file upload_23.cif (mmCIF, N, CA and C atoms)
data_work
#
loop_
_atom_site.label_atom_id
_atom_site.label_comp_id
_atom_site.auth_asym_id
_atom_site.auth_seq_id
_atom_site.Cartn_x
_atom_site.Cartn_y
_atom_site.Cartn_z
N MET A 1 -5.95 -8.75 -14.16
CA MET A 1 -6.91 -9.35 -13.29
C MET A 1 -8.14 -9.67 -14.13
N LYS A 2 -8.58 -10.90 -14.03
CA LYS A 2 -9.78 -11.32 -14.74
C LYS A 2 -10.85 -11.74 -13.75
N VAL A 3 -12.07 -11.30 -14.00
CA VAL A 3 -13.21 -11.69 -13.19
C VAL A 3 -14.28 -12.19 -14.15
N LYS A 4 -14.79 -13.40 -13.86
CA LYS A 4 -15.85 -13.97 -14.69
C LYS A 4 -17.02 -14.39 -13.82
N LEU A 5 -18.21 -14.13 -14.30
CA LEU A 5 -19.42 -14.56 -13.63
C LEU A 5 -19.68 -16.01 -14.00
N LEU A 6 -19.80 -16.86 -13.01
CA LEU A 6 -20.02 -18.30 -13.22
C LEU A 6 -18.93 -18.92 -14.10
N SER A 7 -17.74 -18.34 -14.06
CA SER A 7 -16.58 -18.81 -14.84
C SER A 7 -16.80 -18.74 -16.34
N VAL A 8 -17.82 -18.00 -16.79
CA VAL A 8 -18.13 -17.94 -18.21
C VAL A 8 -18.17 -16.51 -18.75
N ILE A 9 -18.91 -15.65 -18.10
CA ILE A 9 -19.14 -14.30 -18.60
C ILE A 9 -18.06 -13.36 -18.06
N LYS A 10 -17.29 -12.79 -19.00
CA LYS A 10 -16.22 -11.89 -18.59
C LYS A 10 -16.80 -10.58 -18.10
N ILE A 11 -16.41 -10.21 -16.85
CA ILE A 11 -16.86 -8.96 -16.27
C ILE A 11 -15.72 -7.95 -16.26
N ILE A 12 -14.54 -8.41 -15.88
CA ILE A 12 -13.36 -7.55 -15.81
C ILE A 12 -12.18 -8.26 -16.46
N ASP A 13 -11.44 -7.54 -17.26
CA ASP A 13 -10.18 -8.02 -17.80
C ASP A 13 -9.23 -6.82 -17.79
N ALA A 14 -8.64 -6.57 -16.63
CA ALA A 14 -7.82 -5.38 -16.46
C ALA A 14 -6.36 -5.76 -16.31
N ARG A 15 -5.50 -4.88 -16.82
CA ARG A 15 -4.06 -5.07 -16.66
C ARG A 15 -3.39 -3.73 -16.88
N GLY A 16 -2.14 -3.67 -16.50
CA GLY A 16 -1.39 -2.45 -16.74
C GLY A 16 -0.77 -1.89 -15.48
N LYS A 17 -0.07 -0.79 -15.66
CA LYS A 17 0.70 -0.18 -14.58
C LYS A 17 -0.18 0.26 -13.41
N GLU A 18 -1.34 0.86 -13.69
CA GLU A 18 -2.20 1.33 -12.62
C GLU A 18 -2.69 0.19 -11.74
N LEU A 19 -3.05 -0.92 -12.35
CA LEU A 19 -3.50 -2.08 -11.59
C LEU A 19 -2.35 -2.63 -10.75
N ASP A 20 -1.17 -2.72 -11.34
CA ASP A 20 0.00 -3.21 -10.61
C ASP A 20 0.35 -2.29 -9.45
N GLN A 21 0.26 -0.99 -9.68
CA GLN A 21 0.55 -0.02 -8.63
C GLN A 21 -0.45 -0.15 -7.49
N GLY A 22 -1.71 -0.29 -7.81
CA GLY A 22 -2.74 -0.45 -6.78
C GLY A 22 -2.52 -1.71 -5.96
N ALA A 23 -2.13 -2.79 -6.62
CA ALA A 23 -1.87 -4.05 -5.91
C ALA A 23 -0.67 -3.91 -4.98
N LEU A 24 0.36 -3.21 -5.44
CA LEU A 24 1.56 -3.03 -4.62
C LEU A 24 1.27 -2.14 -3.41
N VAL A 25 0.47 -1.10 -3.60
CA VAL A 25 0.08 -0.24 -2.47
C VAL A 25 -0.76 -1.03 -1.48
N ARG A 26 -1.66 -1.84 -1.99
CA ARG A 26 -2.48 -2.66 -1.08
C ARG A 26 -1.61 -3.62 -0.28
N TRP A 27 -0.65 -4.26 -0.95
CA TRP A 27 0.27 -5.16 -0.24
C TRP A 27 0.99 -4.40 0.86
N LEU A 28 1.50 -3.22 0.54
CA LEU A 28 2.23 -2.42 1.51
C LEU A 28 1.35 -2.04 2.70
N SER A 29 0.12 -1.65 2.42
CA SER A 29 -0.78 -1.23 3.51
C SER A 29 -1.19 -2.41 4.39
N GLU A 30 -1.19 -3.62 3.86
CA GLU A 30 -1.57 -4.80 4.64
C GLU A 30 -0.37 -5.54 5.22
N ALA A 31 0.84 -5.12 4.90
CA ALA A 31 2.05 -5.78 5.37
C ALA A 31 2.16 -5.86 6.90
N PRO A 32 1.61 -4.91 7.67
CA PRO A 32 1.69 -5.07 9.13
C PRO A 32 1.08 -6.37 9.66
N TRP A 33 0.21 -6.99 8.89
CA TRP A 33 -0.34 -8.28 9.30
C TRP A 33 0.74 -9.37 9.28
N PHE A 34 1.81 -9.14 8.55
CA PHE A 34 2.94 -10.07 8.47
C PHE A 34 4.20 -9.23 8.68
N PRO A 35 4.47 -8.82 9.93
CA PRO A 35 5.48 -7.80 10.22
C PRO A 35 6.87 -8.05 9.64
N THR A 36 7.29 -9.30 9.51
CA THR A 36 8.63 -9.52 8.95
C THR A 36 8.73 -9.06 7.50
N ALA A 37 7.59 -8.90 6.84
CA ALA A 37 7.60 -8.38 5.46
C ALA A 37 8.06 -6.93 5.42
N LEU A 38 8.02 -6.25 6.56
CA LEU A 38 8.41 -4.84 6.61
C LEU A 38 9.87 -4.64 7.02
N LEU A 39 10.60 -5.72 7.16
CA LEU A 39 12.03 -5.59 7.47
C LEU A 39 12.75 -4.99 6.26
N PRO A 40 13.74 -4.12 6.50
CA PRO A 40 14.48 -3.53 5.39
C PRO A 40 15.10 -4.62 4.50
N SER A 41 15.08 -4.38 3.20
CA SER A 41 15.62 -5.35 2.25
C SER A 41 16.01 -4.61 0.98
N GLU A 42 16.41 -5.38 -0.02
CA GLU A 42 16.75 -4.79 -1.32
C GLU A 42 15.54 -4.09 -1.93
N LYS A 43 14.34 -4.60 -1.67
CA LYS A 43 13.11 -4.04 -2.25
C LYS A 43 12.42 -3.03 -1.34
N LEU A 44 12.70 -3.07 -0.04
CA LEU A 44 11.98 -2.23 0.90
C LEU A 44 12.95 -1.38 1.71
N LYS A 45 12.77 -0.07 1.63
CA LYS A 45 13.64 0.88 2.32
C LYS A 45 12.81 1.74 3.27
N TRP A 46 13.44 2.15 4.37
CA TRP A 46 12.81 3.02 5.35
C TRP A 46 13.59 4.32 5.46
N GLU A 47 12.87 5.43 5.62
CA GLU A 47 13.47 6.74 5.87
C GLU A 47 12.74 7.37 7.05
N PRO A 48 13.47 7.67 8.15
CA PRO A 48 12.80 8.29 9.29
C PRO A 48 12.30 9.69 8.95
N ILE A 49 11.15 10.04 9.49
CA ILE A 49 10.60 11.39 9.33
C ILE A 49 10.73 12.13 10.66
N ASP A 50 10.20 11.53 11.72
CA ASP A 50 10.31 12.07 13.07
C ASP A 50 10.16 10.90 14.05
N ASN A 51 9.92 11.19 15.33
CA ASN A 51 9.82 10.11 16.32
C ASN A 51 8.56 9.27 16.16
N ASP A 52 7.57 9.77 15.43
CA ASP A 52 6.29 9.08 15.33
C ASP A 52 5.95 8.58 13.93
N SER A 53 6.85 8.76 12.96
CA SER A 53 6.52 8.33 11.60
C SER A 53 7.77 8.04 10.79
N ALA A 54 7.57 7.22 9.75
CA ALA A 54 8.67 6.87 8.85
C ALA A 54 8.11 6.59 7.46
N LYS A 55 8.87 7.00 6.47
CA LYS A 55 8.49 6.75 5.08
C LYS A 55 9.02 5.38 4.67
N VAL A 56 8.18 4.62 3.99
CA VAL A 56 8.59 3.31 3.48
C VAL A 56 8.50 3.37 1.96
N ILE A 57 9.52 2.81 1.30
CA ILE A 57 9.58 2.80 -0.16
C ILE A 57 9.72 1.36 -0.61
N LEU A 58 8.79 0.91 -1.45
CA LEU A 58 8.78 -0.48 -1.92
C LEU A 58 8.96 -0.49 -3.43
N THR A 59 9.94 -1.25 -3.89
CA THR A 59 10.19 -1.39 -5.32
C THR A 59 10.07 -2.85 -5.71
N ASP A 60 9.30 -3.12 -6.75
CA ASP A 60 9.16 -4.46 -7.30
C ASP A 60 9.26 -4.36 -8.80
N LYS A 61 10.30 -4.97 -9.34
CA LYS A 61 10.62 -4.87 -10.76
C LYS A 61 10.78 -3.41 -11.14
N ASN A 62 9.99 -2.87 -12.04
CA ASN A 62 10.16 -1.47 -12.46
C ASN A 62 9.13 -0.53 -11.85
N LEU A 63 8.51 -0.93 -10.75
CA LEU A 63 7.45 -0.15 -10.13
C LEU A 63 7.83 0.18 -8.69
N THR A 64 7.69 1.44 -8.30
CA THR A 64 8.00 1.88 -6.94
C THR A 64 6.81 2.63 -6.36
N VAL A 65 6.44 2.28 -5.14
CA VAL A 65 5.39 2.98 -4.40
C VAL A 65 5.95 3.34 -3.03
N ASP A 66 5.32 4.31 -2.39
CA ASP A 66 5.76 4.68 -1.05
C ASP A 66 4.58 5.13 -0.22
N GLY A 67 4.83 5.23 1.07
CA GLY A 67 3.82 5.69 2.00
C GLY A 67 4.47 6.02 3.32
N VAL A 68 3.66 6.46 4.25
CA VAL A 68 4.16 6.81 5.58
C VAL A 68 3.40 5.98 6.61
N PHE A 69 4.16 5.32 7.47
CA PHE A 69 3.58 4.63 8.61
C PHE A 69 3.74 5.53 9.83
N TYR A 70 2.69 5.57 10.65
CA TYR A 70 2.70 6.36 11.89
C TYR A 70 2.65 5.39 13.07
N PHE A 71 3.34 5.76 14.15
CA PHE A 71 3.49 4.87 15.30
C PHE A 71 3.05 5.57 16.59
N ASN A 72 2.57 4.78 17.54
CA ASN A 72 2.24 5.34 18.85
C ASN A 72 3.46 5.26 19.77
N GLU A 73 3.27 5.64 21.03
CA GLU A 73 4.40 5.66 21.97
C GLU A 73 4.95 4.27 22.28
N LYS A 74 4.19 3.22 21.98
CA LYS A 74 4.66 1.84 22.18
C LYS A 74 5.37 1.29 20.95
N GLY A 75 5.42 2.08 19.86
CA GLY A 75 6.04 1.62 18.62
C GLY A 75 5.11 0.83 17.73
N GLN A 76 3.82 0.81 18.06
CA GLN A 76 2.84 0.08 17.25
C GLN A 76 2.37 0.96 16.10
N ILE A 77 2.14 0.34 14.96
CA ILE A 77 1.63 1.07 13.80
C ILE A 77 0.19 1.50 14.08
N THR A 78 -0.07 2.78 13.85
CA THR A 78 -1.43 3.29 14.07
C THR A 78 -2.10 3.74 12.78
N LYS A 79 -1.28 4.07 11.77
CA LYS A 79 -1.86 4.61 10.54
C LYS A 79 -0.88 4.42 9.39
N PHE A 80 -1.43 4.29 8.19
CA PHE A 80 -0.64 4.24 6.96
C PHE A 80 -1.27 5.21 5.98
N ARG A 81 -0.45 6.04 5.34
CA ARG A 81 -0.96 7.01 4.37
C ARG A 81 -0.10 6.96 3.11
N THR A 82 -0.77 7.03 1.94
CA THR A 82 -0.06 7.07 0.67
C THR A 82 -0.83 7.92 -0.33
N LYS A 83 -0.11 8.49 -1.28
CA LYS A 83 -0.73 9.17 -2.42
C LYS A 83 -0.55 8.33 -3.68
N ASP A 84 0.12 7.17 -3.55
CA ASP A 84 0.35 6.29 -4.69
C ASP A 84 -0.86 5.41 -4.94
N THR A 85 -1.90 6.01 -5.46
CA THR A 85 -3.09 5.24 -5.81
C THR A 85 -3.73 5.84 -7.04
N ASN A 86 -4.31 4.99 -7.84
CA ASN A 86 -4.98 5.46 -9.06
C ASN A 86 -6.45 5.08 -9.05
N ILE A 87 -7.03 5.03 -7.87
CA ILE A 87 -8.45 4.71 -7.80
C ILE A 87 -9.22 5.87 -8.43
N LYS A 88 -9.98 5.56 -9.45
CA LYS A 88 -10.60 6.60 -10.29
C LYS A 88 -11.61 7.47 -9.57
N ILE A 89 -12.21 6.99 -8.48
CA ILE A 89 -13.23 7.81 -7.81
C ILE A 89 -12.61 8.90 -6.95
N TRP A 90 -11.30 8.81 -6.68
CA TRP A 90 -10.64 9.85 -5.89
C TRP A 90 -10.12 10.92 -6.81
N LYS A 91 -10.19 12.15 -6.35
CA LYS A 91 -9.66 13.26 -7.13
C LYS A 91 -8.14 13.29 -7.01
N ASN A 92 -7.47 13.84 -8.00
CA ASN A 92 -6.02 13.95 -7.96
C ASN A 92 -5.58 14.66 -6.69
N GLY A 93 -4.51 14.16 -6.10
CA GLY A 93 -3.96 14.78 -4.91
C GLY A 93 -4.51 14.24 -3.61
N GLN A 94 -5.60 13.50 -3.66
CA GLN A 94 -6.12 12.91 -2.44
C GLN A 94 -5.28 11.69 -2.10
N SER A 95 -5.24 11.37 -0.82
CA SER A 95 -4.45 10.24 -0.39
C SER A 95 -5.33 9.17 0.23
N PHE A 96 -4.78 7.97 0.34
CA PHE A 96 -5.42 6.86 1.02
C PHE A 96 -4.86 6.82 2.43
N THR A 97 -5.72 6.67 3.42
CA THR A 97 -5.27 6.53 4.79
C THR A 97 -5.94 5.32 5.41
N GLY A 98 -5.14 4.43 5.98
CA GLY A 98 -5.64 3.29 6.72
C GLY A 98 -5.33 3.49 8.19
N ILE A 99 -6.30 3.24 9.07
CA ILE A 99 -6.11 3.44 10.50
C ILE A 99 -6.32 2.10 11.20
N THR A 100 -5.44 1.81 12.17
CA THR A 100 -5.55 0.56 12.91
C THR A 100 -6.06 0.84 14.32
N ARG A 101 -6.59 -0.17 14.92
CA ARG A 101 -7.03 -0.09 16.32
C ARG A 101 -6.18 -1.07 17.11
N ASN A 102 -5.55 -0.57 18.15
CA ASN A 102 -4.68 -1.42 18.99
C ASN A 102 -5.38 -1.85 20.25
#
call {"tool": "encode", "arguments": {"input": "upload_23.cif", "output": "structure tokens"}}
result
Amino acid sequence: MKVKLLSVIKIIDARGKELDQGALVRWLSEAPWFPTALLPSEKLKWEPIDNDSAKVILTDKNLTVDGVFYFNEKGQITKFRTKDTNIKIWKNGQSFTGITRN
């Protein structure tokens, strides 16, 4: 990822596994906006946990991330949680949680 101020001054020039992993987790957490993206496929697998949650596993090339989606009684997604993040301000073991409003 490259970021330049006024298209001239380089501010960020990042690359690598951590950046790719973060992008993949972000895609997964935002996938409910395009629900057909969450259909099971060669790259995306689902594993039931209980009546209110399921683990999703996404693989793209040589990178795999996962998380848990939580559902309400209507089957709507209410929350997404993952530990697959390398955001440096978070301490090891902390997870990312996204909450939706229905």
call {"tool": "resolve_selection", "arguments": {"input": "upload_23.cif", "expression": "the PyMOL selection byres (((chain A and resi 25-40 and name CA) around 8) and name CA)", "output": "PDB file with N, CA and C atoms, in the frame of the given file"}}
result
ATOM      1  N   GLN A  21       0.260  -0.990  -9.680  1.00  0.00           N
ATOM      2  CA  GLN A  21       0.550  -0.020  -8.630  1.00  0.00           C
ATOM      3  C   GLN A  21      -0.450  -0.150  -7.490  1.00  0.00           C
ATOM      4  N   GLY A  22      -1.710  -0.290  -7.810  1.00  0.00           N
ATOM      5  CA  GLY A  22      -2.740  -0.450  -6.780  1.00  0.00           C
ATOM      6  C   GLY A  22      -2.520  -1.710  -5.960  1.00  0.00           C
ATOM      7  N   ALA A  23      -2.130  -2.790  -6.620  1.00  0.00           N
ATOM      8  CA  ALA A  23      -1.870  -4.050  -5.910  1.00  0.00           C
ATOM      9  C   ALA A  23      -0.670  -3.910  -4.980  1.00  0.00           C
ATOM     10  N   LEU A  24       0.360  -3.210  -5.440  1.00  0.00           N
ATOM     11  CA  LEU A  24       1.560  -3.030  -4.620  1.00  0.00           C
ATOM     12  C   LEU A  24       1.270  -2.140  -3.410  1.00  0.00           C
ATOM     13  N   SER A  41      15.080  -4.380   3.200  1.00  0.00           N
ATOM     14  CA  SER A  41      15.620  -5.350   2.250  1.00  0.00           C
ATOM     15  C   SER A  41      16.010  -4.610   0.980  1.00  0.00           C
ATOM     16  N   GLU A  42      16.410  -5.380  -0.020  1.00  0.00           N
ATOM     17  CA  GLU A  42      16.750  -4.790  -1.320  1.00  0.00           C
ATOM     18  C   GLU A  42      15.540  -4.090  -1.930  1.00  0.00           C
ATOM     19  N   LYS A  43      14.340  -4.600  -1.670  1.00  0.00           N
ATOM     20  CA  LYS A  43      13.110  -4.040  -2.250  1.00  0.00           C
ATOM     21  C   LYS A  43      12.420  -3.030  -1.340  1.00  0.00           C
ATOM     22  N   LEU A  44      12.700  -3.070  -0.040  1.00  0.00           N
ATOM     23  CA  LEU A  44      11.980  -2.230   0.900  1.00  0.00           C
ATOM     24  C   LEU A  44      12.950  -1.380   1.710  1.00  0.00           C
ATOM     25  N   LYS A  45      12.770  -0.070   1.630  1.00  0.00           N
ATOM     26  CA  LYS A  45      13.640   0.880   2.320  1.00  0.00           C
ATOM     27  C   LYS A  45      12.810   1.740   3.270  1.00  0.00           C
ATOM     28  N   TRP A  46      13.440   2.150   4.370  1.00  0.00           N
ATOM     29  CA  TRP A  46      12.810   3.020   5.350  1.00  0.00           C
ATOM     30  C   TRP A  46      13.590   4.320   5.460  1.00  0.00           C
ATOM     31  N   LEU A  58       8.790   0.910  -1.450  1.00  0.00           N
ATOM     32  CA  LEU A  58       8.780  -0.480  -1.920  1.00  0.00           C
ATOM     33  C   LEU A  58       8.960  -0.490  -3.430  1.00  0.00           C
ATOM     34  N   VAL A  65       6.440   2.280  -5.140  1.00  0.00           N
ATOM     35  CA  VAL A  65       5.390   2.980  -4.400  1.00  0.00           C
ATOM     36  C   VAL A  65       5.950   3.340  -3.030  1.00  0.00           C
ATOM     37  N   ASP A  66       5.320   4.310  -2.390  1.00  0.00           N
ATOM     38  CA  ASP A  66       5.760   4.680  -1.050  1.00  0.00           C
ATOM     39  C   ASP A  66       4.580   5.130  -0.220  1.00  0.00           C
ATOM     40  N   ILE A  77       2.140   0.340  14.960  1.00  0.00           N
ATOM     41  CA  ILE A  77       1.630   1.070  13.800  1.00  0.00           C
ATOM     42  C   ILE A  77       0.190   1.500  14.080  1.00  0.00           C
ATOM     43  N   PHE A  80      -1.430   4.290   8.190  1.00  0.00           N
ATOM     44  CA  PHE A  80      -0.640   4.240   6.960  1.00  0.00           C
ATOM     45  C   PHE A  80      -1.270   5.210   5.980  1.00  0.00           C
ATOM     46  N   THR A  82      -0.770   7.030   1.940  1.00  0.00           N
ATOM     47  CA  THR A  82      -0.060   7.070   0.670  1.00  0.00           C
ATOM     48  C   THR A  82      -0.830   7.920  -0.330  1.00  0.00           C
ATOM     49  N   ASP A  84       0.120   7.170  -3.550  1.00  0.00           N
ATOM     50  CA  ASP A  84       0.350   6.290  -4.690  1.00  0.00           C
ATOM     51  C   ASP A  84      -0.860   5.410  -4.940  1.00  0.00           C
ATOM     52  N   THR A  85      -1.900   6.010  -5.460  1.00  0.00           N
ATOM     53  CA  THR A  85      -3.090   5.240  -5.810  1.00  0.00           C
ATOM     54  C   THR A  85      -3.730   5.840  -7.040  1.00  0.00           C
ATOM     55  N   GLY A  98      -5.140   4.430   5.980  1.00  0.00           N
ATOM     56  CA  GLY A  98      -5.640   3.290   6.720  1.00  0.00           C
ATOM     57  C   GLY A  98      -5.330   3.490   8.190  1.00  0.00           C
TER      58      GLY A  98
END
call {"tool": "atom_distance", "arguments": {"input": "upload_23.cif", "atom1": "atom N of A:Asp60", "atom2": "atom N of A:Asp20"}}
result
11.4 Å
call {"tool": "atom_distance", "arguments": {"input": "upload_23.cif", "atom1": "atom C of A:Phe71", "atom2": "atom C of A:Lys83"}}
result
20.8 Å
call {"tool": "select_by_dssp", "arguments": {"input": "upload_23.cif", "residues": "stretch 16-84 of chain A", "states": "helix (DSSP H, G or I)", "output": "PyMOL selection string"}}
result
chain A and resi 17-33+35-38
call {"tool": "closest_residue", "arguments": {"input": "upload_23.cif", "among": "A:Gln76, A:Val68, A:Leu63, A:Asp52", "to": "A:Lys17", "atoms": "only C-alpha atoms"}}
result
A:Leu63
call {"tool": "atom_distance", "arguments": {"input": "upload_23.cif", "atom1": "atom CA of A:Glu47", "atom2": "atom CA of A:Lys74"}}
result
19.2 Å
